[in-house]
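**Q** So that you have it, the file is run.cif, and it contains mmCIF, C-alpha atoms:
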data_data
#
loop_
_atom_site.label_atom_id
_atom_site.label_comp_id
_atom_site.auth_asym_id
_atom_site.auth_seq_id
_atom_site.Cartn_x
_atom_site.Cartn_y
_atom_site.Cartn_z
CA MET A 296 -75.98 29.01 -44.47
CA ILE A 297 -73.01 30.19 -42.40
CA LEU A 298 -72.67 33.98 -42.17
CA MET A 299 -70.03 36.16 -40.51
CA LYS A 300 -72.20 36.40 -37.38
CA ASP A 301 -71.81 32.60 -36.99
CA ILE A 302 -68.00 32.70 -36.99
CA VAL A 303 -66.54 32.99 -33.50
CA ARG A 304 -63.83 35.57 -32.96
CA ASP A 305 -60.39 35.51 -31.40
CA GLY A 306 -60.66 34.95 -27.66
CA HIS A 307 -63.59 32.50 -27.93
CA PRO A 308 -62.76 29.26 -26.03
CA ALA A 309 -63.72 27.04 -29.02
CA LEU A 310 -60.65 28.35 -30.87
CA ARG A 311 -58.27 27.03 -28.20
CA LYS A 312 -59.78 23.57 -27.74
CA LYS A 313 -58.36 20.44 -29.37
CA THR A 314 -61.12 18.59 -31.21
CA GLU A 315 -61.75 14.85 -30.88
CA GLU A 316 -61.68 12.36 -33.77
CA MET A 317 -65.05 11.92 -35.45
CA THR A 318 -66.68 8.52 -36.06
CA PHE A 319 -68.31 7.29 -39.26
CA PRO A 320 -70.88 7.31 -40.57
CA LEU A 321 -71.23 11.01 -39.77
CA SER A 322 -74.57 12.16 -38.42
CA LYS A 323 -76.90 14.10 -40.71
CA GLU A 324 -76.03 17.22 -38.68
CA ASP A 325 -72.29 16.67 -39.22
CA VAL A 326 -72.75 16.14 -42.97
CA LEU A 327 -74.79 19.35 -43.10
CA LEU A 328 -72.04 21.19 -41.19
CA ALA A 329 -69.43 19.88 -43.66
CA ASP A 330 -71.55 21.13 -46.57
CA GLU A 331 -72.03 24.53 -44.91
CA LEU A 332 -68.31 24.98 -44.18
CA LEU A 333 -67.48 24.38 -47.86
CA GLU A 334 -70.42 26.50 -48.99
CA TYR A 335 -69.11 29.44 -46.94
CA VAL A 336 -65.61 29.43 -48.47
CA ILE A 337 -67.03 29.05 -51.99
CA ASN A 338 -69.56 31.86 -51.44
CA SER A 339 -66.93 34.07 -49.80
CA GLN A 340 -64.97 34.09 -53.07
CA ASP A 341 -68.00 35.16 -55.14
CA ASP A 342 -68.20 38.98 -55.29
CA GLU A 343 -71.99 38.93 -55.60
CA MET A 344 -72.41 36.68 -52.52
CA VAL A 345 -69.85 38.72 -50.55
CA GLU A 346 -71.83 41.89 -51.23
CA LYS A 347 -75.26 40.35 -50.65
CA TYR A 348 -74.42 38.57 -47.38
CA LYS A 349 -71.52 40.76 -46.14
CA LEU A 350 -69.10 37.81 -46.15
CA ARG A 351 -65.40 38.13 -45.53
CA PRO A 352 -63.42 36.28 -48.21
CA GLY A 353 -61.60 33.15 -47.07
CA ILE A 354 -60.03 30.00 -48.47
CA GLY A 355 -60.60 27.77 -45.43
CA LEU A 356 -62.98 27.37 -42.52
CA ALA A 357 -62.71 24.91 -39.63
CA ALA A 358 -65.58 23.60 -37.52
CA PRO A 359 -64.24 25.20 -34.28
CA GLN A 360 -64.58 28.58 -36.00
CA VAL A 361 -68.36 28.12 -35.96
CA ASN A 362 -68.24 26.84 -32.36
CA ALA A 363 -68.56 23.18 -33.39
CA ASP A 364 -66.35 20.68 -31.58
CA LYS A 365 -65.80 18.62 -34.72
CA ARG A 366 -62.52 17.53 -36.32
CA MET A 367 -63.20 18.84 -39.83
CA PHE A 368 -62.52 21.78 -42.08
CA ALA A 369 -63.20 22.98 -45.61
CA ILE A 370 -60.74 24.41 -48.14
CA HIS A 371 -61.56 26.05 -51.46
CA LEU A 372 -58.82 27.70 -53.53
CA THR A 373 -56.99 27.72 -56.81
CA ASP A 374 -53.40 26.48 -56.56
CA SER A 375 -50.32 27.82 -58.34
CA GLU A 376 -51.02 25.57 -61.36
CA ASP A 377 -54.59 26.94 -61.57
CA ASN A 378 -56.12 23.70 -60.29
CA GLU A 379 -59.17 24.01 -58.07
CA VAL A 380 -58.55 22.53 -54.62
CA SER A 381 -61.93 22.17 -52.95
CA PHE A 382 -62.82 19.63 -50.27
CA VAL A 383 -63.90 18.95 -46.71
CA ALA A 384 -61.39 17.04 -44.59
CA VAL A 385 -62.58 14.94 -41.65
CA ASN A 386 -59.99 13.65 -39.14
CA PRO A 387 -57.14 15.10 -41.24
CA LYS A 388 -53.48 14.33 -40.52
CA ILE A 389 -50.15 15.31 -42.01
CA ILE A 390 -48.18 12.10 -42.50
CA SER A 391 -45.06 13.65 -44.04
CA HIS A 392 -43.70 17.06 -44.95
CA SER A 393 -40.82 18.73 -46.74
CA VAL A 394 -37.73 19.93 -44.95
CA GLU A 395 -38.17 23.16 -46.88
CA SER A 396 -40.42 25.78 -45.31
CA THR A 397 -42.49 28.55 -46.79
CA PHE A 398 -44.48 31.57 -45.62
CA ILE A 399 -46.90 34.03 -47.16
CA THR A 400 -44.98 37.28 -47.62
CA ALA A 401 -48.10 39.36 -46.91
CA GLY A 402 -48.80 37.32 -43.73
CA GLU A 403 -51.72 35.04 -42.95
CA GLY A 404 -55.22 36.09 -42.06
CA CYS A 405 -58.11 34.32 -40.43
CA LEU A 406 -61.89 34.69 -40.51
CA SER A 407 -61.84 34.52 -36.69
CA VAL A 408 -59.27 37.32 -36.35
CA ASP A 409 -60.59 40.77 -37.19
CA GLU A 410 -57.33 42.70 -36.97
CA VAL A 411 -54.26 42.38 -39.16
CA ILE A 412 -51.46 40.58 -37.31
CA GLU A 413 -48.16 41.21 -39.03
CA GLY A 414 -45.37 38.71 -39.35
CA TYR A 415 -44.24 35.59 -41.14
CA VAL A 416 -45.94 32.30 -40.30
CA PRO A 417 -43.56 29.43 -41.05
CA ARG A 418 -45.21 26.45 -42.76
CA HIS A 419 -44.00 23.31 -44.51
CA ALA A 420 -43.67 24.00 -48.25
CA ARG A 421 -45.05 20.56 -49.17
CA ILE A 422 -47.11 18.05 -47.21
CA THR A 423 -48.69 14.66 -47.64
CA ALA A 424 -52.00 14.54 -45.84
CA THR A 425 -54.59 11.90 -45.13
CA GLY A 426 -58.13 12.06 -43.87
CA PHE A 427 -61.65 11.30 -44.92
CA TYR A 428 -64.30 13.00 -46.98
CA PRO A 429 -67.64 13.44 -45.17
CA ASP A 430 -69.02 10.29 -46.86
CA GLY A 431 -66.27 8.24 -45.18
CA THR A 432 -64.07 7.80 -48.25
CA PRO A 433 -60.40 8.04 -47.27
CA PHE A 434 -58.03 10.38 -49.09
CA LYS A 435 -54.31 10.93 -49.41
CA LYS A 436 -53.20 14.25 -50.90
CA ARG A 437 -49.86 15.77 -51.78
CA LEU A 438 -50.19 19.52 -51.38
CA LYS A 439 -47.78 22.37 -51.96
CA GLY A 440 -47.79 26.15 -51.93
CA LEU A 441 -51.03 27.83 -50.89
CA ALA A 442 -52.94 24.53 -50.61
CA ALA A 443 -50.32 23.18 -48.16
CA ILE A 444 -50.35 26.44 -46.19
CA ALA A 445 -54.16 26.47 -45.98
CA PHE A 446 -54.28 22.81 -44.90
CA GLN A 447 -51.77 23.49 -42.09
CA HIS A 448 -53.65 26.65 -41.01
CA GLU A 449 -56.97 24.80 -40.80
CA LEU A 450 -55.42 21.74 -39.12
CA ASP A 451 -54.02 24.10 -36.47
CA HIS A 452 -57.61 25.22 -35.74
CA LEU A 453 -58.51 21.60 -34.94
CA ASN A 454 -55.66 21.57 -32.40
CA GLY A 455 -56.48 24.88 -30.72
CA ILE A 456 -53.60 26.73 -32.40
CA MET A 457 -53.93 30.15 -34.02
CA PHE A 458 -51.73 31.26 -36.94
CA TYR A 459 -50.14 34.06 -34.92
CA ASP A 460 -48.84 31.51 -32.37
CA HIS A 461 -46.20 30.66 -35.01
CA ILE A 462 -44.98 34.25 -35.52
CA ASN A 463 -41.63 35.16 -33.96
CA LYS A 464 -42.63 37.45 -31.07
CA GLU A 465 -39.29 39.31 -30.91
CA ASN A 466 -38.95 39.84 -34.66
CA PRO A 467 -42.16 39.11 -36.64
CA TYR A 468 -40.31 39.44 -39.95
CA ALA A 469 -37.26 37.41 -38.96
CA GLU A 470 -35.81 35.30 -41.73
CA ILE A 471 -37.14 31.75 -41.62
CA PRO A 472 -34.34 29.20 -42.11
CA ASN A 473 -34.63 27.02 -45.22
CA ALA A 474 -37.74 28.86 -46.41
CA VAL A 475 -38.92 29.97 -49.83
CA PRO A 476 -41.41 32.86 -49.68
CA TYR A 477 -44.86 32.30 -51.14
CA ASP A 478 -46.20 35.53 -52.58
CA ARG A 479 -48.95 34.49 -54.99
CA LEU A 480 -52.32 35.24 -53.44
#
The structure given in the file should be rewritten as structure tokens.
**A**
Amino acid sequence: MILMKDIVRDGHPALRKKTEEMTFPLSKEDVLLADELLEYVINSQDDEMVEKYKLRPGIGLAAPQVNADKRMFAIHLTDSEDNEVSFVAVNPKIISHSVESTFITAGEGCLSVDEVIEGYVPRHARITATGFYPDGTPFKKRLKGLAAIAFQHELDHLNGIMFYDHINKENPYAEIPNAVPYDRL
């Protein structure tokens, strides 16, 4: 079971390294890691588990955040239509995206970043993504709103990019052209 002590923090070299594509079938260790990444985000949204294990709530967790050089991440959230979005993505890619942008009005956070970093993080409002589930089954998903934002945030982790790299350094709350704010958390 992944705990907060297992999540590397900002400044750790694993967070700035681009991960390599994974090959199938995944090893038993990689399947276990996939299960544990998803288990963490599910547990971190359960008040009882948060209290018992001192977890910080999150909606996504990427392998580099637990110091694993693997191209995979887990997402678990409820979207704006109250649908559960819960999966592990292996070798994920964004194959198309909307021209329209979005950003979370309260700013983004990250389990690997302990302090609050203020500012808008521009993201594509809608994406079409492909990848594989840990069992090797391919997927193609159309995501919007929080699910699209989370997918982009976690994909950035696989490329050594942190959310705050996207924030305008001169004016963190600068208007983002062609963007619709996302404020449902």
**Q** As a check of understanding, name the residues that the PyMOL selection byres ((chain A and resi 417-430) around 9) selects in the supplied structure, as a ChimeraX atom specification.
**A** /A:319-321,325-326,329-330,367,382-399,415-416,431-444,446-448,461-462,471,474-475,477
**Q** List, as a PDB file with C-alpha atoms, keeping the file's coordinate frame, every residue that the PyMOL selection byres ((chain A and resi 407) around 9) selects in the file provided.
**A**
ATOM      1  CA  ILE A 302     -68.000  32.700 -36.990  1.00  0.00           C
ATOM      2  CA  VAL A 303     -66.540  32.990 -33.500  1.00  0.00           C
ATOM      3  CA  ARG A 304     -63.830  35.570 -32.960  1.00  0.00           C
ATOM      4  CA  ASP A 305     -60.390  35.510 -31.400  1.00  0.00           C
ATOM      5  CA  LEU A 310     -60.650  28.350 -30.870  1.00  0.00           C
ATOM      6  CA  GLN A 360     -64.580  28.580 -36.000  1.00  0.00           C
ATOM      7  CA  GLY A 404     -55.220  36.090 -42.060  1.00  0.00           C
ATOM      8  CA  CYS A 405     -58.110  34.320 -40.430  1.00  0.00           C
ATOM      9  CA  LEU A 406     -61.890  34.690 -40.510  1.00  0.00           C
ATOM     10  CA  VAL A 408     -59.270  37.320 -36.350  1.00  0.00           C
ATOM     11  CA  ASP A 409     -60.590  40.770 -37.190  1.00  0.00           C
TER      12      ASP A 409
END
**Q** Using all atoms listed in the file, tabulate the residues of segment 331-433 of chain A lying at most 7 Å from any atom of segment 450-457 of chain A, each with its closest atom pair and that distance in Å to one decimal, by chain and increasing residue number, as CSV.
**A**
residue,atom,partner,partner_atom,distance
A:Ala357,CA,A:His452,CA,6.4
A:Pro359,CA,A:His452,CA,6.8
A:Arg366,CA,A:Leu453,CA,5.9
**Q** Quick one: 6 Å padding each side, axis-aligned, all listed atoms of segment 457-466 of chain A - centre and edge lengths in Å to one decimal, as AutoDock Vina command-line options?
**A**
--center_x -46.4 --center_y 35.0 --center_z -33.9 --size_x 27.0 --size_y 21.7 --size_z 18.0
**Q** Between A:Glu410, A:Glu324, A:Glu316, A:Asp460, single out the one closest to Lys365 of chain A, counting only C-alpha atoms.
**A**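 Closest to Lys365 of chain A of all the choices is A:Glu316.
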**Q** Figure out the distance between atom CA of Ser381 of chain A and atom CA of Ser322 of chain A, please, to one decimal in Å.
**A**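 According to the coordinates, atom CA of Ser322 of chain A and atom CA of Ser381 of chain A are separated by 21.7 Å.
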**Q** Give me, as a short mmCIF file (atom, residue, chain, number, x, y, z; two decimals) with C-alpha atoms, keeping the file's coordinate frame, all polymer residues having an atom no more than 12 Å from Ala401 of chain A, counting all atoms listed in the file and skipping those fewer than 4 positions away in the same chain.
**A**
data_model
loop_
_atom_site.label_atom_id
_atom_site.label_comp_id
_atom_site.auth_asym_id
_atom_site.auth_seq_id
_atom_site.Cartn_x
_atom_site.Cartn_y
_atom_site.Cartn_z
CA VAL A 411 -54.26 42.38 -39.16
CA ILE A 412 -51.46 40.58 -37.31
CA GLU A 413 -48.16 41.21 -39.03
CA GLY A 414 -45.37 38.71 -39.35
CA TYR A 415 -44.24 35.59 -41.14
CA VAL A 416 -45.94 32.30 -40.30
CA PRO A 467 -42.16 39.11 -36.64
CA TYR A 468 -40.31 39.44 -39.95
CA PRO A 476 -41.41 32.86 -49.68
CA TYR A 477 -44.86 32.30 -51.14
CA ASP A 478 -46.20 35.53 -52.58
CA ARG A 479 -48.95 34.49 -54.99
CA LEU A 480 -52.32 35.24 -53.44
#
**Q** Residue by residue, what does the PyMOL selection byres ((chain A and resi 336) around 9) grab here? Present the result as a compact mmCIF listing (two decimals) with C-alpha atoms, in the coordinates of the input.
**A**
# COMPACT_ATOMS: atom_id res chain seq x y z
CA GLU A 331 -72.03 24.53 -44.91
CA LEU A 332 -68.31 24.98 -44.18
CA LEU A 333 -67.48 24.38 -47.86
CA GLU A 334 -70.42 26.50 -48.99
CA TYR A 335 -69.11 29.44 -46.94
CA ILE A 337 -67.03 29.05 -51.99
CA ASN A 338 -69.56 31.86 -51.44
CA SER A 339 -66.93 34.07 -49.80
CA GLN A 340 -64.97 34.09 -53.07
CA PRO A 352 -63.42 36.28 -48.21
CA GLY A 353 -61.60 33.15 -47.07
CA ILE A 354 -60.03 30.00 -48.47
CA GLY A 355 -60.60 27.77 -45.43
CA LEU A 356 -62.98 27.37 -42.52
CA ALA A 369 -63.20 22.98 -45.61
CA ILE A 370 -60.74 24.41 -48.14
CA HIS A 371 -61.56 26.05 -51.46
CA LEU A 372 -58.82 27.70 -53.53
**Q** Tell me, in Å to one decimal, how far atom CA of Ala445 of chain A is from atom CA of Val361 of chain A.
**A** 17.5 Å
**Q** Figure out the distance between atom CA of Met299 of chain A and atom CA of Leu327 of chain A, please, to one decimal in Å.
**A**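 Those two atoms sit 17.7 Å apart.
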**Q** Which residue gives the smallest distance to Met344 of chain A among A:Asp364, A:Lys323, A:Met296, A:Thr373, with all atoms listed in the file counted?
**A** A:Met296
